[in-house]
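> Here you go, this is work-v5.txt (compact mmCIF, C-alpha atoms).
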```txt
# COMPACT_ATOMS: atom_id res chain seq x y z
CA MET A 94 -28.36 34.87 57.25
CA GLY A 95 -31.09 34.78 59.80
CA CYS A 96 -31.70 36.36 63.16
CA ALA A 97 -30.38 33.75 65.51
CA ARG A 98 -32.23 33.46 68.75
CA GLY A 99 -29.70 31.51 70.70
CA PRO A 100 -26.89 32.76 72.92
CA VAL A 101 -25.00 35.65 71.43
CA ASP A 102 -21.30 35.61 70.75
CA SER A 103 -19.22 37.99 72.77
CA LEU A 104 -17.27 40.43 70.67
CA PRO A 105 -13.54 39.74 70.77
CA ALA A 106 -11.24 42.55 71.71
CA ALA A 107 -9.43 43.91 68.70
CA ARG A 108 -5.75 43.14 68.44
CA LEU A 109 -3.83 46.22 67.45
CA PRO A 110 -0.59 46.09 65.49
CA THR A 111 2.35 47.32 67.49
CA GLY A 112 6.10 47.31 67.14
CA PRO A 113 8.10 45.84 64.33
CA ASP A 114 5.64 43.02 63.71
CA ARG A 115 4.07 45.36 61.22
CA LEU A 116 7.30 45.15 59.26
CA LEU A 117 7.47 41.41 59.12
CA ASP A 118 5.43 38.68 57.56
CA LYS A 119 2.32 38.86 59.68
CA PRO A 120 -0.52 40.20 57.56
CA GLN A 121 -0.82 43.88 58.18
CA THR A 122 -3.88 45.14 59.94
CA ARG A 123 -5.07 48.24 58.19
CA PHE A 124 -6.60 51.17 59.98
CA HIS A 125 -8.22 53.50 57.54
CA ASP A 126 -8.52 56.28 60.08
CA PRO A 127 -5.13 57.05 61.65
CA ASN A 128 -6.84 58.30 64.77
CA MET A 129 -8.68 55.08 65.23
CA LYS A 130 -7.41 53.53 68.44
CA THR A 131 -9.80 50.63 68.73
CA ALA A 132 -11.87 48.51 66.44
CA TRP A 133 -15.10 49.19 68.22
CA GLY A 134 -16.27 51.70 65.65
CA TRP A 135 -15.76 49.15 62.94
CA MET A 136 -17.43 46.50 65.03
CA ALA A 137 -20.39 48.77 65.61
CA GLY A 138 -20.67 49.28 61.87
CA ALA A 139 -20.47 45.57 61.23
CA MET A 140 -23.09 44.93 63.84
CA ALA A 141 -25.47 47.52 62.50
CA LEU A 142 -25.06 46.48 58.91
CA THR A 143 -25.38 42.82 59.70
CA LEU A 144 -28.71 43.55 61.22
CA VAL A 145 -29.73 45.58 58.19
CA ALA A 146 -28.50 43.01 55.70
CA GLY A 147 -30.02 40.22 57.71
CA GLY A 148 -33.34 41.96 57.90
CA CYS A 149 -33.53 41.76 61.68
CA ALA A 150 -36.12 44.14 62.98
CA THR A 151 -34.86 46.19 65.89
CA SER A 152 -36.69 48.85 67.77
CA LYS A 153 -35.23 52.33 67.69
CA LYS A 154 -35.50 52.32 71.44
CA GLU A 155 -33.53 49.12 71.74
CA ALA A 156 -30.23 49.67 70.01
CA PRO A 157 -28.39 46.37 69.60
CA THR A 158 -25.28 45.90 71.65
CA THR A 159 -24.40 42.38 70.55
CA ILE A 160 -24.99 40.18 67.54
CA ALA A 161 -25.91 36.55 67.34
CA TRP A 162 -23.43 35.56 64.67
CA ASN A 163 -24.09 32.63 62.41
CA THR A 164 -20.96 30.48 62.26
CA ALA A 165 -22.04 27.76 59.82
CA MET A 166 -21.43 28.59 56.16
CA ASP A 167 -23.81 26.01 54.75
CA ALA A 168 -26.64 27.15 56.97
CA ALA A 169 -25.99 30.79 56.14
CA LEU A 170 -26.00 30.08 52.42
CA ALA A 171 -29.18 28.07 52.67
CA ASP A 172 -30.88 30.79 54.65
CA ALA A 173 -29.65 33.55 52.34
CA GLY A 174 -30.72 31.61 49.28
CA LYS A 175 -34.15 30.93 50.68
CA ASN A 176 -34.70 34.57 51.60
CA GLY A 177 -32.76 36.21 48.77
CA ARG A 178 -30.58 38.18 51.17
CA PRO A 179 -26.91 39.04 50.92
CA ILE A 180 -24.39 37.73 53.40
CA LEU A 181 -21.78 39.58 55.39
CA LEU A 182 -18.97 37.16 56.05
CA ASP A 183 -16.54 38.36 58.70
CA PHE A 184 -13.20 36.57 58.77
CA TYR A 185 -11.35 37.05 62.02
CA THR A 186 -8.51 35.46 63.91
CA ASP A 187 -7.73 35.07 67.59
CA TRP A 188 -4.20 36.37 67.42
CA MET B 258 -21.79 35.38 59.67
CA LYS B 259 -18.47 35.06 61.38
CA LEU B 260 -15.64 32.62 60.70
CA ASN B 261 -12.29 32.11 62.35
CA ALA B 262 -9.98 32.13 59.32
CA GLU B 263 -7.37 30.05 61.11
CA VAL B 264 -9.92 27.34 61.83
CA ASP B 265 -12.03 27.36 58.67
CA THR B 266 -9.05 27.62 56.35
CA ALA B 267 -10.88 26.05 53.43
CA THR B 268 -13.42 28.86 53.27
CA ALA B 269 -10.72 31.49 53.79
CA ASP B 270 -8.72 29.98 50.94
CA ARG B 271 -11.75 29.69 48.74
CA TYR B 272 -12.31 33.43 49.02
CA ARG B 273 -8.57 34.26 48.99
CA VAL B 274 -8.66 35.96 52.38
CA ARG B 275 -5.13 36.80 53.51
CA SER B 276 -5.48 39.53 56.10
CA TYR B 277 -7.80 40.22 58.99
CA PRO B 278 -10.30 41.48 59.56
CA THR B 279 -11.80 40.96 56.15
CA VAL B 280 -15.53 41.23 55.66
CA LEU B 281 -16.93 39.80 52.45
CA VAL B 282 -20.17 41.01 50.96
CA LEU B 283 -21.70 38.02 49.24
CA ARG B 284 -24.70 37.53 47.04
CA SER B 285 -27.28 35.14 48.39
CA ASP B 286 -25.70 32.37 46.29
CA GLY B 287 -22.32 32.90 47.97
CA ILE B 288 -20.64 34.75 45.08
CA GLU B 289 -18.52 37.61 46.31
CA ILE B 290 -19.64 41.13 45.46
CA ASP B 291 -16.64 42.73 47.12
CA ARG B 292 -14.81 42.98 50.42
CA VAL B 293 -13.86 45.38 53.17
CA VAL B 294 -10.33 44.84 54.45
CA GLY B 295 -9.09 46.40 57.67
CA TYR B 296 -10.72 48.59 60.25
CA TYR B 297 -13.04 51.40 59.34
CA ARG B 298 -15.19 53.66 61.41
CA ALA B 299 -18.81 52.62 61.40
CA PRO B 300 -20.15 55.25 58.94
CA GLU B 301 -17.41 54.53 56.41
CA PHE B 302 -17.87 50.80 56.79
CA MET B 303 -21.60 51.16 56.26
CA GLY B 304 -21.01 53.34 53.21
CA LEU B 305 -18.68 50.83 51.61
CA VAL B 306 -21.03 47.92 52.07
CA GLU B 307 -24.03 49.87 50.89
CA ASP B 308 -22.03 50.90 47.81
CA TYR B 309 -21.16 47.29 47.11
CA LEU B 310 -24.74 46.16 47.49
CA ASP B 311 -25.70 48.82 44.94
CA GLY B 312 -22.84 47.84 42.61
CA ARG B 313 -20.79 50.99 43.20
CA ASN B 314 -17.04 51.16 43.81
CA THR B 315 -16.58 47.45 43.44
CA LEU B 316 -13.36 46.03 42.08
CA ALA B 317 -15.28 44.95 38.99
CA SER B 318 -16.60 48.45 38.38
CA MET B 319 -13.14 49.95 38.89
CA ALA B 320 -11.55 47.48 36.52
CA ALA B 321 -14.13 48.46 33.93
CA ALA B 322 -13.18 52.13 34.39
CA GLU B 323 -9.47 51.51 33.96
CA SER B 324 -9.53 52.09 30.23
CA THR B 325 -10.55 55.70 30.78
CA GLN B 326 -8.93 56.48 34.14
CA GLY B 327 -5.87 54.29 33.96
CA SER B 328 -3.40 57.18 33.77
CA ASP B 329 -4.64 58.86 36.93
CA PRO B 330 -2.24 58.09 39.80
CA ALA B 331 -4.97 58.23 42.45
CA PHE B 332 -7.12 55.82 40.48
CA LEU B 333 -4.20 53.48 39.89
CA ALA B 334 -3.26 53.50 43.57
CA LYS B 335 -6.78 52.67 44.60
CA LEU B 336 -7.15 49.99 41.95
CA ALA B 337 -3.83 48.43 42.95
CA ASP B 338 -4.84 48.42 46.60
CA ARG B 339 -8.13 46.79 45.70
CA TYR B 340 -6.42 44.06 43.71
CA PHE B 341 -4.05 43.52 46.60
CA GLU B 342 -6.94 43.23 49.04
CA HIS B 343 -8.37 40.55 46.78
CA ASP B 344 -5.02 38.76 46.82
CA LEU B 345 -4.71 39.30 43.07
CA ARG B 346 -1.06 40.12 43.45
CA GLU B 347 0.10 40.23 39.86
CA ASP B 348 -2.75 42.57 38.98
CA ALA B 349 -1.82 44.74 41.95
CA LYS B 350 1.86 44.79 41.00
CA ALA B 351 1.07 45.85 37.44
CA ARG B 352 -0.96 48.86 38.68
CA TYR B 353 1.63 49.89 41.26
CA LEU B 354 4.29 49.77 38.56
CA ARG B 355 2.16 51.80 36.19
CA LEU B 356 1.64 54.36 38.95
CA VAL B 357 5.40 54.60 39.43
CA ALA B 358 5.80 55.08 35.68
CA VAL B 359 3.13 57.74 35.19
CA ASP B 360 4.21 59.93 38.12
CA PRO B 361 8.00 59.85 38.35
CA ALA B 362 8.12 63.14 40.28
CA ASN B 363 5.65 61.77 42.80
CA ARG B 364 3.37 64.77 42.43
CA SER B 365 0.54 62.59 43.64
CA GLY B 366 2.43 61.64 46.80
CA LEU B 367 1.42 58.04 46.11
CA VAL B 368 4.52 56.69 44.39
CA ASP B 369 6.56 56.11 47.54
CA ASP B 370 3.73 54.07 49.02
CA ALA B 371 3.41 52.13 45.78
CA LEU B 372 7.11 51.32 45.88
CA MET B 373 6.80 50.15 49.47
CA SER B 374 3.88 47.94 48.52
CA LEU B 375 6.00 46.46 45.74
CA ALA B 376 8.86 45.96 48.18
CA ARG B 377 6.68 44.14 50.69
CA MET B 378 5.19 41.96 47.98
CA GLY B 379 8.67 41.14 46.78
CA ARG B 380 9.69 40.13 50.29
CA LYS B 381 6.57 38.03 50.66
CA ASP B 382 7.50 36.30 47.41
CA LYS B 383 11.03 35.78 48.80
CA ASP B 384 12.40 37.91 45.99
CA TYR B 385 14.62 39.83 48.37
CA ALA B 386 16.74 41.56 45.73
CA THR B 387 13.66 43.02 44.09
CA ALA B 388 12.17 43.99 47.44
CA ARG B 389 15.37 45.77 48.38
CA LYS B 390 15.49 47.52 45.01
CA TYR B 391 12.06 49.09 45.49
CA ALA B 392 12.76 50.12 49.08
CA GLN B 393 16.09 51.57 48.01
CA ARG B 394 14.33 53.56 45.31
CA VAL B 395 12.21 55.23 47.97
CA LEU B 396 15.38 56.22 49.82
CA ASP B 397 17.12 57.45 46.68
CA ARG B 398 14.28 59.31 45.00
CA TYR B 399 12.04 60.38 47.84
CA PRO B 400 14.21 60.88 50.93
CA ASP B 401 11.62 63.22 52.45
CA SER B 402 8.88 60.62 52.15
CA ASP B 403 7.03 59.60 55.27
CA ALA B 404 7.80 56.06 54.10
CA MET B 405 11.53 56.70 54.31
CA LYS B 406 12.08 54.98 57.68
CA SER B 407 10.02 51.98 56.66
CA ALA B 408 12.04 51.79 53.46
CA PHE B 409 15.27 51.99 55.46
CA LEU B 410 14.24 49.02 57.60
CA GLU B 411 12.91 47.18 54.59
CA VAL B 412 16.38 47.33 53.06
CA GLY B 413 17.87 45.83 56.21
CA ILE B 414 15.25 43.14 56.51
CA ASN B 415 15.82 42.05 52.93
CA TRP B 416 19.58 41.99 53.29
CA LYS B 417 19.05 39.72 56.27
CA ARG B 418 16.54 37.50 54.51
CA SER B 419 18.85 37.08 51.56
CA GLY B 420 21.60 35.93 53.91
CA ASP B 421 23.80 39.01 53.67
CA LEU B 422 24.13 39.51 57.40
CA GLU B 423 27.00 41.99 57.12
CA ASN B 424 24.99 44.50 55.12
CA ALA B 425 21.90 43.85 57.21
CA TRP B 426 23.89 44.60 60.36
CA LYS B 427 25.18 47.86 58.91
CA VAL B 428 21.71 49.00 57.95
CA PHE B 429 20.11 48.18 61.30
CA LEU B 430 22.95 49.75 63.20
CA ASP B 431 22.78 52.82 61.00
CA TYR B 432 19.05 53.09 61.61
CA ALA B 433 19.37 52.80 65.38
CA ARG B 434 22.00 55.53 65.42
CA LYS B 435 20.28 57.88 63.01
CA PHE B 436 16.85 57.62 64.59
CA PRO B 437 17.44 56.79 68.26
CA GLU B 438 14.07 58.17 69.33
CA ASP B 439 12.07 56.38 66.64
CA GLU B 440 9.57 53.75 67.72
CA ASP B 441 11.41 51.14 65.65
CA ALA B 442 14.86 52.04 66.97
CA PRO B 443 14.71 49.30 69.67
CA TYR B 444 13.84 46.77 66.98
CA ALA B 445 16.70 47.98 64.77
CA LYS B 446 19.14 47.88 67.70
CA GLU B 447 18.02 44.39 68.67
CA GLN B 448 18.53 43.24 65.09
CA ALA B 449 21.94 44.90 64.95
CA ASP B 450 23.00 43.35 68.26
CA THR B 451 21.85 39.89 67.24
CA LEU B 452 23.61 40.13 63.89
CA ALA B 453 26.75 41.54 65.51
CA ALA B 454 26.88 38.53 67.80
CA LYS B 455 26.47 36.16 64.85
CA LEU B 456 29.14 37.97 62.89
CA GLY B 457 31.50 38.27 65.81
CA HIS B 458 31.49 42.06 65.62
CA THR B 459 31.70 44.46 68.47
CA ILE B 460 28.75 46.80 68.85
CA ALA B 461 30.85 49.87 68.10
CA VAL B 462 30.29 51.50 64.75
CA PRO B 463 32.82 50.07 62.34
CA ARG B 464 34.99 52.35 60.24
CA SER B 465 33.37 50.87 57.19
CA LEU B 466 30.15 52.60 58.17
CA THR B 467 31.65 56.03 57.70
CA GLY B 468 30.01 57.43 54.63
CA HIS B 469 28.05 54.25 54.28
CA THR B 470 25.21 54.39 51.86
CA LEU B 471 22.45 51.88 51.85
```
Give the structure from this file in structure tokens form.


Amino acid sequence: MGCARGPVDSLPAARLPTGPDRLLDKPQTRFHDPNMKTAWGWMAGAMALTLVAGGCATSKKEAPTTIAWNTAMDAALADAGKNGRPILLDFYTDW
Amino acid sequence: MKLNAEVDTATADRYRVRSYPTVLVLRSDGIEIDRVVGYYRAPEFMGLVEDYLDGRNTLASMAAAESTQGSDPAFLAKLADRYFEHDLREDAKARYLRLVAVDPANRSGLVDDALMSLARMGRKDKDYATARKYAQRVLDRYPDSDAMKSAFLEVGINWKRSGDLENAWKVFLDYARKFPEDEDAPYAKEQADTLAAKLGHTIAVPRSLTGHTL
């Protein structure tokens, strides 16, 4: 997983489970903090850790607000293997 | 890296990813260390991943500890949840069932949730009778549980799925009348109305509902 230099992905808005859908067959989205109203805290964690795991140097004065996500598995594996770094693989959906 | 699980289904299947978001922590060779399922606040998320990278609190480490902690309800609940997150359903079921067995009085407060997990897995497996049995057990044994309403609806859903529309109708109607202010009351009423139309019933509570037990 490298530090991509190209255009950054925009972060998708989190889709929150509402209504009886949570009772039916759609996979349940789990919120581990009942007071958590949005996914931005989680996203921020993912962003920060991705940068740590990926070894991207960031200045303390320049806190990252977006991430350039790698979206090609083969390339990520090759990069991780070459550099001996772990990979954070975030599975998401658009629904 | 980021993958749309509905587009790259092969990779999602390869890692047995069934719910979203799921973040896998992989070794550099692509072997999974562990996963984070659902939404966490940033500090907790960071803590989990750092633990995994250091080999702590992984499913593998928990499984290794089962021989010594396997009678602790809290441990069993966590282990079952972890197996479920990994889509290792039979392993999860076995731990939920053991939790139910070791804490029949639900002193841990975890047994009702374990039964609901078993019920939902049963429904997912289309084993509606089993799903209904576990949900019914929550109603019978732990009527004060915060899972009671979910169990109530679960019973109705599984009656409906199994094709017993009459009983499903009774349960949904009962729910809508017992808990009119509940957030799921509109759903229950809609289900009852739809089933009533299919069954040719009027919406009024039938006499057969008097004293009805689920």

> Point out the residue among B:Val282, B:Leu354, B:Ala371, B:Ala337 with the least atom-to-atom distance to chain A, counting all atoms listed in the file.

B:Val282

> For chain B, list the residues within 8 Å of chain A, counting all atoms listed in the file, and write the list as a VMD selection string.

chain B and resid 258 to 263 269 274 to 287 294 to 300 302 to 303 381 407 411 440 to 441 444

> As an exercise, work out the distance from atom CA of B:Leu345 to atom CA of B:Arg292 in Å and give it to one decimal place.

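Value for the atom CA of B:Leu345-atom CA of B:Arg292 distance: 13.0 Å.
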
> Between B:Met378, B:Ala388, B:Leu310, B:Ala331, which residue has the minimum interatomic distance to B:Asn363, considering all atoms listed in the file?

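Of B:Met378, B:Ala388, B:Leu310, B:Ala331, the one nearest B:Asn363, counting all atoms listed in the file, is B:Ala331.
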
> Residues near B:Ala376, anyone? I mean within 8 Å using all atoms listed in the file, not counting same-chain ones fewer than 6 positions away, as a PyMOL selection string.

chain B and resi 387-392+411

> With C-alpha atoms retained, write the just-selected residues as an mmCIF file, in the frame of the given file.


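Writing done, so here's again01.cif:
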```
data_model
loop_
_atom_site.group_PDB
_atom_site.id
_atom_site.type_symbol
_atom_site.label_atom_id
_atom_site.label_comp_id
_atom_site.auth_asym_id
_atom_site.auth_seq_id
_atom_site.Cartn_x
_atom_site.Cartn_y
_atom_site.Cartn_z
ATOM 1 C CA THR B 387 13.660 43.020 44.090
ATOM 2 C CA ALA B 388 12.170 43.990 47.440
ATOM 3 C CA ARG B 389 15.370 45.770 48.380
ATOM 4 C CA LYS B 390 15.490 47.520 45.010
ATOM 5 C CA TYR B 391 12.060 49.090 45.490
ATOM 6 C CA ALA B 392 12.760 50.120 49.080
ATOM 7 C CA GLU B 411 12.910 47.180 54.590
#
```

> For a test of reading the model, state the distance in Å between atom CA of B:Asp329 and atom CA of B:Arg352, rounded to one decimal.

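Between atom CA of B:Asp329 and atom CA of B:Arg352 the gap is 10.8 Å.
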
> To one decimal in Å, tell me the separation between atom CA of B:Asp403 and atom CA of B:Met373.

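A separation of 11.1 Å between them.
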
> Name the residues in contact with B:Leu336 at a cut-off of 8 Å, using only C-alpha atoms, excluding same-chain residues fewer than 2 positions from it; report them as number ranges by chain.

B: 316, 319-320, 332-334, 338-340, 349, 352
